[in-house]
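Text of model.json, listed as JSON, C-alpha atoms and all ligand atoms:
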[["chain", "number", "residue", "atom", "x", "y", "z"],
["H", 615, "MET", "CA", -22.26, -48.64, -24.75],
["H", 616, "LYS", "CA", -18.74, -47.38, -24.33],
["H", 617, "ILE", "CA", -15.93, -49.00, -26.30],
["H", 618, "THR", "CA", -12.30, -48.58, -25.21],
["H", 619, "PHE", "CA", -9.31, -49.84, -27.19],
["H", 620, "TYR", "CA", -6.48, -51.41, -25.19],
["H", 621, "GLY", "CA", -4.70, -53.24, -28.03],
["H", 622, "VAL", "CA", -5.07, -52.57, -31.76],
["H", 623, "ARG", "CA", -2.03, -54.27, -33.32],
["H", 624, "GLY", "CA", -2.03, -57.56, -35.24],
["H", 625, "SER", "CA", 0.29, -60.56, -35.23],
["H", 626, "ILE", "CA", 2.89, -59.50, -32.65],
["H", 627, "PRO", "CA", 3.34, -56.58, -30.23],
["H", 628, "ALA", "CA", 5.11, -53.72, -31.98],
["H", 629, "PRO", "CA", 6.34, -51.20, -29.41],
["H", 630, "GLY", "CA", 8.73, -48.51, -30.62],
["H", 631, "TYR", "CA", 9.18, -44.88, -31.42],
["H", 632, "ASN", "CA", 7.35, -45.15, -34.77],
["H", 633, "THR", "CA", 4.28, -46.97, -33.38],
["H", 634, "ALA", "CA", 3.78, -44.93, -30.19],
["H", 635, "LYS", "CA", 0.82, -42.92, -31.51],
["H", 636, "TYR", "CA", -1.47, -45.86, -32.42],
["H", 637, "GLY", "CA", 0.12, -48.29, -29.97],
["H", 638, "GLY", "CA", 1.96, -51.60, -30.11],
["H", 639, "ASN", "CA", -0.23, -53.89, -27.98],
["H", 640, "THR", "CA", -2.13, -56.74, -29.59],
["H", 641, "SER", "CA", -5.92, -57.13, -29.74],
["H", 642, "CYS", "CA", -8.03, -56.20, -26.75],
["H", 643, "VAL", "CA", -11.23, -54.15, -26.79],
["H", 644, "TYR", "CA", -13.33, -53.36, -23.73],
["H", 645, "ILE", "CA", -17.07, -52.74, -23.96],
["H", 646, "GLU", "CA", -19.03, -51.27, -21.07],
["H", 647, "LEU", "CA", -22.76, -51.79, -21.47],
["H", 648, "GLU", "CA", -25.56, -49.56, -20.23],
["H", 649, "ASN", "CA", -26.83, -52.35, -17.96],
["H", 650, "GLY", "CA", -23.61, -52.18, -15.91],
["H", 651, "GLN", "CA", -22.06, -55.35, -17.32],
["H", 652, "ASP", "CA", -18.99, -55.42, -19.50],
["H", 653, "LEU", "CA", -17.29, -57.51, -22.14],
["H", 654, "ILE", "CA", -13.66, -57.97, -23.13],
["H", 655, "LEU", "CA", -13.01, -58.84, -26.75],
["H", 656, "ASP", "CA", -9.82, -60.89, -26.98],
["H", 657, "ALA", "CA", -6.89, -61.23, -24.60],
["H", 658, "GLY", "CA", -3.92, -59.85, -26.54],
["H", 659, "THR", "CA", -1.23, -57.93, -24.68],
["H", 660, "GLY", "CA", -3.56, -54.92, -24.33],
["H", 661, "ILE", "CA", -5.52, -56.82, -21.65],
["H", 662, "ARG", "CA", -2.68, -56.30, -19.16],
["H", 663, "LEU", "CA", -3.45, -52.60, -18.69],
["H", 664, "LEU", "CA", -7.19, -53.30, -18.59],
["H", 665, "GLY", "CA", -6.49, -55.78, -15.79],
["H", 666, "GLU", "CA", -5.00, -52.98, -13.68],
["H", 667, "LYS", "CA", -8.36, -51.21, -13.84],
["H", 668, "LEU", "CA", -10.53, -54.31, -13.35],
["H", 669, "LYS", "CA", -8.58, -55.62, -10.37],
["H", 670, "LEU", "CA", -10.04, -52.69, -8.40],
["H", 671, "THR", "CA", -13.58, -54.01, -9.02],
["H", 672, "ASP", "CA", -15.19, -57.34, -8.14],
["H", 673, "CYS", "CA", -17.62, -57.84, -11.03],
["H", 674, "PRO", "CA", -17.40, -61.02, -13.12],
["H", 675, "VAL", "CA", -14.95, -60.76, -16.01],
["H", 676, "ASN", "CA", -16.47, -61.71, -19.36],
["H", 677, "ILE", "CA", -14.04, -62.51, -22.17],
["H", 678, "LEU", "CA", -15.14, -63.22, -25.73],
["H", 679, "LEU", "CA", -12.39, -64.82, -27.78],
["H", 680, "SER", "CA", -12.30, -64.40, -31.53],
["H", 681, "HIS", "CA", -9.82, -67.23, -32.03],
["H", 682, "PRO", "CA", -6.77, -68.72, -30.31],
["H", 683, "HIS", "CA", -3.92, -67.20, -32.32],
["H", 684, "TRP", "CA", -1.11, -65.95, -30.16],
["H", 685, "ASP", "CA", -1.81, -62.25, -30.60],
["H", 686, "HIS", "CA", -5.32, -62.77, -29.16],
["H", 687, "ILE", "CA", -4.40, -64.76, -26.04],
["H", 688, "GLN", "CA", -0.89, -63.80, -24.97],
["H", 689, "GLY", "CA", -1.93, -61.09, -22.51],
["H", 690, "TYR", "CA", -3.99, -63.49, -20.41],
["H", 691, "PRO", "CA", -1.13, -64.64, -18.10],
["H", 692, "PHE", "CA", -0.53, -60.96, -17.25],
["H", 693, "PHE", "CA", -4.19, -60.12, -16.60],
["H", 694, "ALA", "CA", -4.34, -59.22, -12.89],
["H", 695, "PRO", "CA", -7.90, -60.50, -12.11],
["H", 696, "ILE", "CA", -6.87, -64.13, -12.78],
["H", 697, "TYR", "CA", -4.71, -63.91, -9.64],
["H", 698, "GLN", "CA", -7.59, -62.73, -7.41],
["H", 699, "GLN", "CA", -9.09, -65.27, -5.04],
["H", 700, "GLY", "CA", -12.46, -66.53, -6.33],
["H", 701, "ARG", "CA", -12.74, -63.85, -9.05],
["H", 702, "PRO", "CA", -15.25, -65.09, -11.63],
["H", 703, "ILE", "CA", -13.63, -65.21, -15.09],
["H", 704, "ARG", "CA", -16.09, -66.30, -17.77],
["H", 705, "VAL", "CA", -14.54, -67.13, -21.12],
["H", 706, "PHE", "CA", -16.96, -67.35, -23.99],
["H", 707, "THR", "CA", -16.07, -69.05, -27.20],
["H", 708, "THR", "CA", -18.08, -70.73, -29.83],
["H", 709, "LEU", "CA", -16.33, -72.58, -32.57],
["H", 710, "ILE", "CA", -16.05, -75.93, -34.19],
["H", 711, "ASN", "CA", -12.78, -76.58, -32.38],
["H", 712, "GLU", "CA", -13.79, -74.82, -29.18],
["H", 713, "GLN", "CA", -11.77, -77.13, -26.91],
["H", 714, "GLU", "CA", -8.65, -76.42, -28.89],
["H", 715, "GLN", "CA", -9.28, -72.71, -28.62],
["H", 716, "LEU", "CA", -9.59, -72.76, -24.85],
["H", 717, "PHE", "CA", -6.66, -75.08, -24.41],
["H", 718, "SER", "CA", -4.57, -72.49, -26.18],
["H", 719, "LEU", "CA", -5.68, -69.81, -23.73],
["H", 720, "PHE", "CA", -4.90, -71.86, -20.62],
["H", 721, "ASP", "CA", -2.14, -74.16, -21.84],
["H", 722, "GLN", "CA", 0.22, -71.27, -22.48],
["H", 723, "MET", "CA", 0.38, -71.24, -18.65],
["H", 724, "ASP", "CA", 1.95, -74.67, -18.38],
["H", 725, "GLY", "CA", 4.88, -74.04, -16.05],
["H", 726, "ALA", "CA", 7.35, -74.15, -18.93],
["H", 727, "SER", "CA", 6.32, -71.32, -21.26],
["H", 728, "PHE", "CA", 5.06, -69.38, -18.23],
["H", 729, "PRO", "CA", 5.95, -70.04, -14.57],
["H", 730, "VAL", "CA", 2.39, -70.07, -13.21],
["H", 731, "VAL", "CA", 0.19, -73.07, -14.07],
["H", 732, "ALA", "CA", -3.36, -72.22, -15.18],
["H", 733, "ASN", "CA", -5.18, -74.78, -13.04],
["H", 734, "GLU", "CA", -3.45, -73.50, -9.90],
["H", 735, "LEU", "CA", -4.84, -69.98, -10.28],
["H", 736, "PRO", "CA", -7.00, -68.73, -7.38],
["H", 737, "SER", "CA", -9.64, -67.18, -9.65],
["H", 738, "ASN", "CA", -12.66, -69.12, -10.78],
["H", 739, "ALA", "CA", -12.45, -69.47, -14.56],
["H", 740, "THR", "CA", -15.33, -71.10, -16.41],
["H", 741, "CYS", "CA", -15.87, -71.67, -20.09],
["H", 742, "LEU", "CA", -19.20, -70.98, -21.71],
["H", 743, "PHE", "CA", -19.45, -72.78, -25.00],
["H", 744, "ASP", "CA", -22.10, -71.22, -27.14],
["H", 745, "ASN", "CA", -24.03, -70.07, -24.07],
["H", 746, "ILE", "CA", -23.92, -66.30, -24.04],
["H", 747, "LYS", "CA", -27.28, -66.34, -22.22],
["H", 748, "ALA", "CA", -25.37, -67.37, -19.12],
["H", 749, "ILE", "CA", -23.82, -63.90, -19.15],
["H", 750, "PHE", "CA", -26.81, -61.97, -20.47],
["H", 751, "PRO", "CA", -30.02, -63.72, -19.44],
["H", 752, "GLU", "CA", -32.19, -60.67, -20.18],
["H", 753, "ASP", "CA", -33.16, -59.82, -23.75],
["H", 754, "SER", "CA", -31.80, -56.28, -23.76],
["H", 755, "VAL", "CA", -28.34, -57.56, -24.74],
["H", 756, "ARG", "CA", -27.89, -59.80, -27.75],
["H", 757, "VAL", "CA", -24.67, -61.29, -29.06],
["H", 758, "LYS", "CA", -24.52, -62.95, -32.46],
["H", 759, "ARG", "CA", -21.54, -64.60, -34.07],
["H", 760, "LYS", "CA", -20.28, -65.29, -37.57],
["H", 761, "GLU", "CA", -17.45, -67.51, -38.67],
["H", 762, "LEU", "CA", -14.27, -65.74, -39.79],
["H", 763, "ASN", "CA", -12.41, -66.31, -43.05],
["H", 764, "HIS", "CA", -9.11, -66.99, -41.32],
["H", 765, "PRO", "CA", -6.66, -69.90, -41.01],
["H", 766, "GLY", "CA", -8.04, -72.13, -38.24],
["H", 767, "ARG", "CA", -11.29, -70.15, -38.38],
["H", 768, "GLY", "CA", -12.75, -68.11, -35.49],
["H", 769, "SER", "CA", -15.69, -65.91, -34.54],
["H", 770, "ALA", "CA", -16.80, -62.38, -35.27],
["H", 771, "TYR", "CA", -19.30, -60.89, -32.83],
["H", 772, "ARG", "CA", -22.19, -58.49, -33.19],
["H", 773, "ILE", "CA", -23.24, -56.99, -29.86],
["H", 774, "GLU", "CA", -26.53, -55.17, -29.53],
["H", 775, "GLU", "CA", -27.96, -53.43, -26.52],
["H", 776, "ASP", "CA", -31.14, -51.40, -26.58],
["H", 777, "GLY", "CA", -30.61, -50.04, -30.06],
["H", 778, "ALA", "CA", -26.84, -49.54, -29.86],
["H", 779, "CYS", "CA", -24.84, -51.96, -31.97],
["H", 780, "CYS", "CA", -21.18, -52.84, -32.48],
["H", 781, "ALA", "CA", -19.59, -55.52, -34.67],
["H", 782, "TYR", "CA", -16.10, -56.89, -33.94],
["H", 783, "VAL", "CA", -14.65, -58.58, -37.03],
["H", 784, "THR", "CA", -10.98, -59.50, -36.74],
["H", 785, "ASP", "CA", -9.05, -61.47, -38.14],
["H", 786, "ASN", "CA", -11.02, -61.69, -41.33],
["H", 787, "GLU", "CA", -10.27, -61.79, -45.04],
["H", 788, "LEU", "CA", -13.29, -60.38, -46.84],
["H", 789, "MET", "CA", -12.27, -61.92, -50.16],
["H", 790, "PRO", "CA", -10.09, -64.97, -49.57],
["H", 791, "PRO", "CA", -8.65, -66.90, -52.51],
["H", 792, "ASN", "CA", -9.85, -70.22, -51.17],
["H", 793, "GLU", "CA", -13.08, -71.54, -49.70],
["H", 794, "THR", "CA", -14.99, -68.97, -47.62],
["H", 795, "ALA", "CA", -16.63, -69.66, -44.27],
["H", 796, "THR", "CA", -18.70, -66.49, -44.72],
["H", 797, "SER", "CA", -19.30, -64.85, -48.08],
["H", 798, "TYR", "CA", -18.97, -61.11, -48.73],
["H", 799, "ASP", "CA", -22.76, -60.78, -48.99],
["H", 800, "GLU", "CA", -23.19, -62.59, -45.69],
["H", 801, "TRP", "CA", -20.76, -60.17, -44.06],
["H", 802, "VAL", "CA", -22.72, -57.22, -45.47],
["H", 803, "GLU", "CA", -25.87, -58.67, -43.94],
["H", 804, "PHE", "CA", -24.17, -59.37, -40.59],
["H", 805, "CYS", "CA", -22.78, -55.84, -40.26],
["H", 806, "LYS", "CA", -25.66, -53.97, -41.92],
["H", 807, "GLY", "CA", -26.20, -50.56, -40.37],
["H", 808, "VAL", "CA", -24.16, -51.14, -37.20],
["H", 809, "ASP", "CA", -23.25, -48.04, -35.22],
["H", 810, "VAL", "CA", -19.63, -49.16, -34.92],
["H", 811, "LEU", "CA", -17.78, -51.67, -37.10],
["H", 812, "ILE", "CA", -14.35, -52.74, -35.85],
["H", 813, "HIS", "CA", -12.75, -54.56, -38.78],
["H", 814, "ASP", "CA", -9.37, -56.07, -39.56],
["H", 815, "ALA", "CA", -7.52, -53.81, -42.02],
["H", 816, "GLN", "CA", -4.02, -55.22, -41.73],
["H", 817, "TYR", "CA", -2.85, -55.10, -45.31],
["H", 818, "VAL", "CA", -2.34, -52.65, -48.15],
["H", 819, "GLU", "CA", -1.91, -53.39, -51.87],
["H", 820, "ALA", "CA", 1.91, -53.56, -51.49],
["H", 821, "ASP", "CA", 1.48, -56.66, -49.28],
["H", 822, "MET", "CA", -0.16, -58.52, -52.14],
["H", 823, "PRO", "CA", -0.18, -61.03, -53.74],
["H", 824, "HIS", "CA", 2.20, -62.60, -51.23],
["H", 825, "LYS", "CA", -0.21, -62.38, -48.27],
["H", 826, "HIS", "CA", -3.42, -63.20, -50.12],
["H", 827, "GLY", "CA", -4.98, -66.06, -48.17],
["H", 828, "TRP", "CA", -3.34, -65.19, -44.84],
["H", 829, "GLY", "CA", -6.72, -64.27, -43.37],
["H", 830, "HIS", "CA", -6.60, -60.46, -43.22],
["H", 831, "SER", "CA", -8.27, -57.76, -45.29],
["H", 832, "LEU", "CA", -6.92, -54.91, -47.37],
["H", 833, "VAL", "CA", -7.60, -51.36, -46.24],
["H", 834, "SER", "CA", -9.25, -50.70, -49.63],
["H", 835, "GLN", "CA", -11.59, -53.70, -49.24],
["H", 836, "VAL", "CA", -12.63, -52.60, -45.76],
["H", 837, "ARG", "CA", -13.41, -49.09, -47.03],
["H", 838, "GLN", "CA", -15.73, -50.44, -49.71],
["H", 839, "PHE", "CA", -17.23, -52.90, -47.25],
["H", 840, "ALA", "CA", -18.14, -50.08, -44.83],
["H", 841, "VAL", "CA", -20.01, -48.37, -47.68],
["H", 842, "ASP", "CA", -21.78, -51.56, -48.78],
["H", 843, "ALA", "CA", -22.81, -52.47, -45.22],
["H", 844, "GLU", "CA", -23.86, -48.85, -44.54],
["H", 845, "VAL", "CA", -22.11, -48.83, -41.18],
["H", 846, "ARG", "CA", -22.20, -45.57, -39.23],
["H", 847, "THR", "CA", -18.66, -45.59, -37.86],
["H", 848, "LEU", "CA", -15.78, -47.58, -39.29],
["H", 849, "VAL", "CA", -12.83, -48.46, -37.07],
["H", 850, "MET", "CA", -9.84, -49.94, -38.88],
["H", 851, "PHE", "CA", -8.20, -52.43, -36.56],
["H", 852, "HIS", "CA", -5.43, -55.05, -36.25],
["H", 853, "HIS", "CA", -2.75, -52.85, -37.78],
["H", 854, "ASP", "CA", 0.22, -54.65, -39.26],
["H", 855, "PRO", "CA", 3.23, -54.68, -36.89],
["H", 856, "ASP", "CA", 5.31, -53.07, -39.66],
["H", 857, "ARG", "CA", 2.83, -50.22, -40.22],
["H", 858, "SER", "CA", 4.29, -47.01, -38.78],
["H", 859, "ASP", "CA", 2.32, -44.15, -37.25],
["H", 860, "SER", "CA", 2.92, -41.99, -40.32],
["H", 861, "GLN", "CA", 1.68, -44.77, -42.62],
["H", 862, "ILE", "CA", -1.49, -45.15, -40.54],
["H", 863, "ASP", "CA", -1.93, -41.35, -40.61],
["H", 864, "PHE", "CA", -1.75, -41.59, -44.39],
["H", 865, "ILE", "CA", -4.44, -44.34, -44.43],
["H", 866, "GLN", "CA", -6.59, -42.11, -42.23],
["H", 867, "GLN", "CA", -6.21, -39.17, -44.65],
["H", 868, "ASP", "CA", -7.06, -41.43, -47.57],
["H", 869, "ASN", "CA", -10.16, -42.60, -45.72],
["H", 870, "GLN", "CA", -11.46, -39.03, -45.50],
["H", 871, "GLN", "CA", -10.89, -38.65, -49.24],
["H", 872, "PHE", "CA", -12.56, -41.96, -50.09],
["H", 873, "PHE", "CA", -15.67, -41.44, -47.95],
["H", 874, "ARG", "CA", -16.26, -37.82, -48.97],
["H", 875, "GLY", "CA", -19.72, -37.53, -50.53],
["H", 876, "LYS", "CA", -20.74, -41.08, -49.61],
["H", 877, "ARG", "CA", -23.81, -41.72, -47.48],
["H", 878, "ALA", "CA", -21.99, -44.09, -45.11],
["H", 879, "PRO", "CA", -19.98, -44.33, -43.00],
["H", 880, "SER", "CA", -20.36, -40.89, -41.46],
["H", 881, "MET", "CA", -17.14, -41.38, -39.51],
["H", 882, "SER", "CA", -14.00, -43.48, -39.95],
["H", 883, "VAL", "CA", -10.98, -43.82, -37.70],
["H", 884, "CYS", "CA", -7.89, -45.98, -37.41],
["H", 885, "ALA", "CA", -7.98, -47.66, -34.00],
["H", 886, "ALA", "CA", -5.50, -46.35, -31.44],
["H", 887, "GLU", "CA", -4.76, -47.43, -27.91],
["H", 888, "GLY", "CA", -6.78, -45.38, -25.45],
["H", 889, "MET", "CA", -9.37, -44.36, -28.02],
["H", 890, "GLN", "CA", -12.94, -44.46, -26.73],
["H", 891, "ILE", "CA", -16.25, -44.54, -28.59],
["H", 892, "GLN", "CA", -19.48, -43.74, -26.82],
["H", 893, "VAL", "CA", -22.69, -44.94, -28.47],
["H", 894, "THR", "CA", -25.82, -43.48, -26.92],
["H", 895, "PRO", "CA", -28.77, -45.80, -27.64],
["H", 896, "ARG", "CA", -31.57, -44.80, -30.00],
["H", 897, "GLN", "CA", -34.19, -44.96, -27.23],
["H", 898, "LEU", "CA", -32.45, -42.13, -25.43],
["H", 899, "ALA", "CA", -31.40, -40.03, -28.38],
["H", 900, "GLY", "CA", -33.71, -40.79, -31.33],
["H", 901, "GLU", "CA", -30.86, -41.81, -33.67],
["H", 902, "ALA", "CA", -27.91, -43.38, -31.83],
["H", 903, "VAL", "CA", -25.30, -40.74, -31.09],
["H", 904, "ILE", "CA", -21.69, -41.74, -31.63],
["H", 905, "GLU", "CA", -18.77, -39.84, -30.17],
["H", 906, "VAL", "CA", -15.10, -40.70, -30.58],
["H", 907, "PHE", "CA", -12.59, -39.35, -28.10],
["H", 1001, "ZN", "ZN", -4.60, -61.50, -35.03],
["H", 1002, "ZN", "ZN", -5.34, -64.73, -36.34]]

Written form, structure tokens:
Amino acid sequence: MKITFYGVRGSIPAPGYNTAKYGGNTSCVYIELENGQDLILDAGTGIRLLGEKLKLTDCPVNILLSHPHWDHIQGYPFFAPIYQQGRPIRVFTTLINEQEQLFSLFDQMDGASFPVVANELPSNATCLFDNIKAIFPEDSVRVKRKELNHPGRGSAYRIEEDGACCAYVTDNELMPPNETATSYDEWVEFCKGVDVLIHDAQYVEADMPHKHGWGHSLVSQVRQFAVDAEVRTLVMFHHDPDRSDSQIDFIQQDNQQFFRGKRAPSMSVCAAEGMQIQVTPRQLAGEAVIEVF
């Protein structure tokens, strides 16, 4: 599978001269599978640029939503394929309040907040509640979900295809102060040994205790988690809008220091717009081969 990052920022777009290196667009990750199908994780503002690429194709668009917070849906009205006649748009979500989640995606296009009304779009959008088999009927692709520790809740996804495996876990607080939807040990089990873990790492110690309980993890927690879950590649994601390029560079340097001498992960990166990760499945390469470029 090939993973491409189109939006890596949390909370609100943060364009500007001191965020240009890692990028200011909000959450959107594109996964191209070996079987020719693809998946879009979240519809933050990063999805706009992805839409420019996908409008040149005619394959069905598959969107997996983590949750309906603004920074994960606000690119959808600017996603070119939704304006293409008959284009299949399949939105997958699976949550307790799934209706609410989808309403948020479409209702932002209500004629008032946005001039185009969602139900007048020429594309053919369908919602697949808890039915990922509708997208991937064959067994070679498996998608599992886990409930996020986040206000309003949401879903993390683990995507496996023929021995290549990626987990997408944003927005998630590994150690929330209140009741947990998923415990730390359950997260370790869910992410155990994945080739690529994309995890929320929005906060640093200086943000605490004020933001404890806001539903995001500390960089230091995510580092330890990557060790405990023995992931192969850690991708820190959902950067705080106030985090500058030089601060993220510093986190990246600290990562190298922290992971030195540890068995896992063998690689760690801070997500940046345009970054790509190629995972070559085990069947083809013995051990899955991971390349970041
Ligand atoms: Zn978010
Ligand atoms: Zn959120």

Exercise. Select, counting only C-alpha atoms, all protein, DNA and RNA residues no farther than 10 Å from (-12.2, -68.0, -5.3) in file coordinates, and express the selection as a PyMOL selection string.
Key: chain H and resi 696-702+735-739

Quiz item: Near Asn869 (chain H), counting only C-alpha atoms, which residues have an atom at most 9 Å away, once you skip same-chain residues fewer than 6 positions from it, shown as a PyMOL selection string?
Solution: chain H and resi 837+882-883

Self-check item: Close residues, Val906 (chain H) itself excluded, 9 Å, only C-alpha atoms, min 2 positions apart in chain, as a ChimeraX atom specification
Solution: /H:883,889-893,904

Kindly provide, as a tab-separated table (two decimals) with C-alpha atoms, in the coordinates of the input, all nucleotide and amino acid residues lying within 8 Å of ligand ZN 1002 (chain H), counting only C-alpha atoms and all ligand atoms.
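Produced file out-v7.tsv, reproduced below:
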chain	number	residue	atom	x	y	z
H	624	GLY	CA	-2.03	-57.56	-35.24
H	625	SER	CA	0.29	-60.56	-35.23
H	681	HIS	CA	-9.82	-67.23	-32.03
H	682	PRO	CA	-6.77	-68.72	-30.31
H	683	HIS	CA	-3.92	-67.20	-32.32
H	684	TRP	CA	-1.11	-65.95	-30.16
H	685	ASP	CA	-1.81	-62.25	-30.60
H	686	HIS	CA	-5.32	-62.77	-29.16
H	764	HIS	CA	-9.11	-66.99	-41.32
H	765	PRO	CA	-6.66	-69.90	-41.01
H	784	THR	CA	-10.98	-59.50	-36.74
H	785	ASP	CA	-9.05	-61.47	-38.14
H	829	GLY	CA	-6.72	-64.27	-43.37

Quiz item: What lies within 12 Å of Val730 (chain H) using only C-alpha atoms, ignoring chain neighbours under 3 positions off, as a PyMOL selection string?
Solution: chain H and resi 690-692+696-697+720-727+733-736

Practice problem: Pick out the residues no farther than 12 Å from ligand ZN 1001 (chain H), counting all atoms listed in the file, and list them as JSON, numbers by chain. | Solution: {"H": [621, 622, 623, 624, 625, 626, 627, 639, 640, 641, 642, 656, 657, 658, 659, 679, 680, 681, 682, 683, 684, 685, 686, 687, 688, 762, 764, 765, 766, 767, 768, 769, 783, 784, 785, 786, 787, 813, 814, 815, 816, 828, 829, 830, 831, 851, 852, 853, 854, 855]}
